[in-house]
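Notes for the one structure printed next.
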There are 2 protein chains.
Amino acid sequence: MRVSRAKAAENRERIVDTASRLFREKGFDGVGVDAIMKGAGLTHGGFYGHFRSKDDLAAEAVTRALDRSMERQRRFSNLDDLVSDYLSERHRSDRANGCALAALGGDIVRQSEGVRRGLTAYVREQLDRLACLFRDGGAGNRRKRAIAALAGTTGALILARAVDEPALSDEILAVARDAFGTAPSALQSRRVGGRGRRG
Amino acid sequence: MRVSRAKAAENRERIVDTASRLFREKGFDGVGVDAIMKGAGLTHGGFYGHFRSKDDLAAEAVTRALDRSMERQRRFSNLDDLVSDYLSERHRSDRANGCALAALGGDIVRQSEGVRRGLTAYVREQLDRLACLFRDGGAGNRRKRAIAALAGTTGALILARAVDEPALSDEILAVARDAFGTAPSALQSRRVGGRGRRG
DNA sequence: TGTACATCAGTGAACGCGCGTTCACTGATGTAC
DNA sequence: TGTACATCAGTGAACGCGCGTTCACTGATGTAC
């Protein structure tokens with residue numbers, strides 16, 4: 001039974017959103033067209049009225065996830081808050097709604113050209129944004145610290161998720177929040193005791 | 001046709017090695033039992049004489065990859081060399097023989113309990129090793145820097161591989177080498193010019 | 001050391017299930033008058 | 001505004017391919033005498 005054009009467009013959006021979440025949660029190969037359509041409240045047969053293939057949807061779903069990530073991170077106006085949010089326990093456990101880069105990491109390389117281009121644009125934007133959030137230092141130094149912070153937070157989230165022991169996972173998140181959330185950071189020197197609140 | 005027990009054991013080893021490389025290169029779902037056995041110079045039917053299932057092999061293959069990584073990294077006695085090797089262009093392009101954590105990242109979470117336990121042990125060992133390589137600071141501070149370095153290098157390698165543009169990828173590797181390869185690092189302060197050779 | 005037989009590593013055909021994709025069909029929507 | 005028809009979003013059965021797994025078979029290895 002046909003539905004209105006508005007409803008059809010809405011359905012399409014819901015398919016992309018659902019796929020975006022399911023892919024991050026279970027990986028590209030861990031989710032079938034059937035499950036995605038069911039998750040969007042439809043039947044699988046209608047899929048090809050909206051997309052040319054599962055790969056095409058994957059490209060859109062990753063792009064959407066990255067856009068949402070960017071939106072979320074724009075809400076923070078200082079590095080500490082942004083990093084605390086990114087390295088929160090909520091984000092660690094909520095893969096489905098979290099950073100696509102951390103969730104799909106290595107698999108993205110094997111995706112289509114479009115997906116990788118979208119990801120590259122996201123990384124560039126993210127680096128620019130991080131560089132702005134550093135308060136001190138010249139442009140070159142801020143960019144370097146932005147790269148280190150992006151690599152560090154992404155890696156920390158992946159590690160915290162991969163590791164089996166809650167205590168170690170918590171420790172990784174906590175240390176990384178401290179190391180990458182402020183600049184200069186705990187990485188910097190042989191500071192003993194204190195969490196740098198004074199500085 | 002039956003082969004000698006020694007030859008059979010050797011075949012089994014070759015299957016694990018081949019799988020270890022192919023999984024890192026193409027992901028767990030990107031490689032079939034058929035391809036693995038062919039890569040090891042055998043036919044697929046013999047697979048189940050060696051392993052209970054593909055998942056069982058995956059567990060062994062990841063463990064093997066992590067062991068090899070650990071072996072390689074033991075060869076370096078200072079942090080600079082270790083990080084330079086880990087963040088080299090060779091490692092970026094040679095996924096098949098590189099770090100399993102960076103190559104399989106998010107997918108490992110969805111693997112069996114055994115795999116995750118092996119990975120956790122690897123992370124612990126790696127952190128201890130990195131902490132030793134820092135020359136200054138107390139035990140607590142060294143561990144923190146080890147965590148930051150592990151997260152940073154892992155994240156940087158994943159980013160450098162994910163990104164589409166060679167120049168950006170090179171920049172990420174270079175900056176991360178500088179930031180995580182020495183302590184204190186470029187992250188530390190608003191140092192301008194010079195690569196810290198003097199310090 | 002040599003012979004006879006049991007064992008079993010590896011082979012290749014076959015099975016069966018899941019999944020991406022296709023298609024004939026349905027019936028509500030959109031449009032022309 | 002109302003009616004008649006064409007369109008087309010969604011349905012559910014079916015197809016076909018790939019892949020994990022099984023199995024009867026082969027023939028070299030290992031063992032018992």
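Residues in the structure tokens are named by chain (A, B, ... in the order shown) and by number from 1 within that chain; ligands are numbered from 1 in the order shown.
Near chain D, counting only C-alpha atoms (C1' of nucleotides) at 10 Å, the chain A residues are Met1, Arg2, Val3, Ser4, Arg5, Lys7, Ala8, Asn11, Leu42, Thr43, His44, Gly45, Gly46, Phe47, Gly49 and His50 of chain A.
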Report task. Would you give me, as a PyMOL selection string, the residues of chain A that come within 6 Å of chain B, using only C-alpha atoms? Result -> chain A and resi 103+106+109+116+120+137+145+148+151-152+154-156+162-164+176+184+187-188+190
**Report entry** Sel. of helix (DSSP H, G or I) residues, region 50-103 of chain A, as a VMD selection string
**Finding:** chain A and resid 50 54 to 74 79 to 86 89 to 93 95 to 97 100 to 103
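For the pair CA of Gln111 (chain A) and CA of Gly98 (chain B), the separation is 20.0 Å.
For the pair CA of Tyr86 (chain B) and CA of Met70 (chain B), the separation is 11.5 Å.
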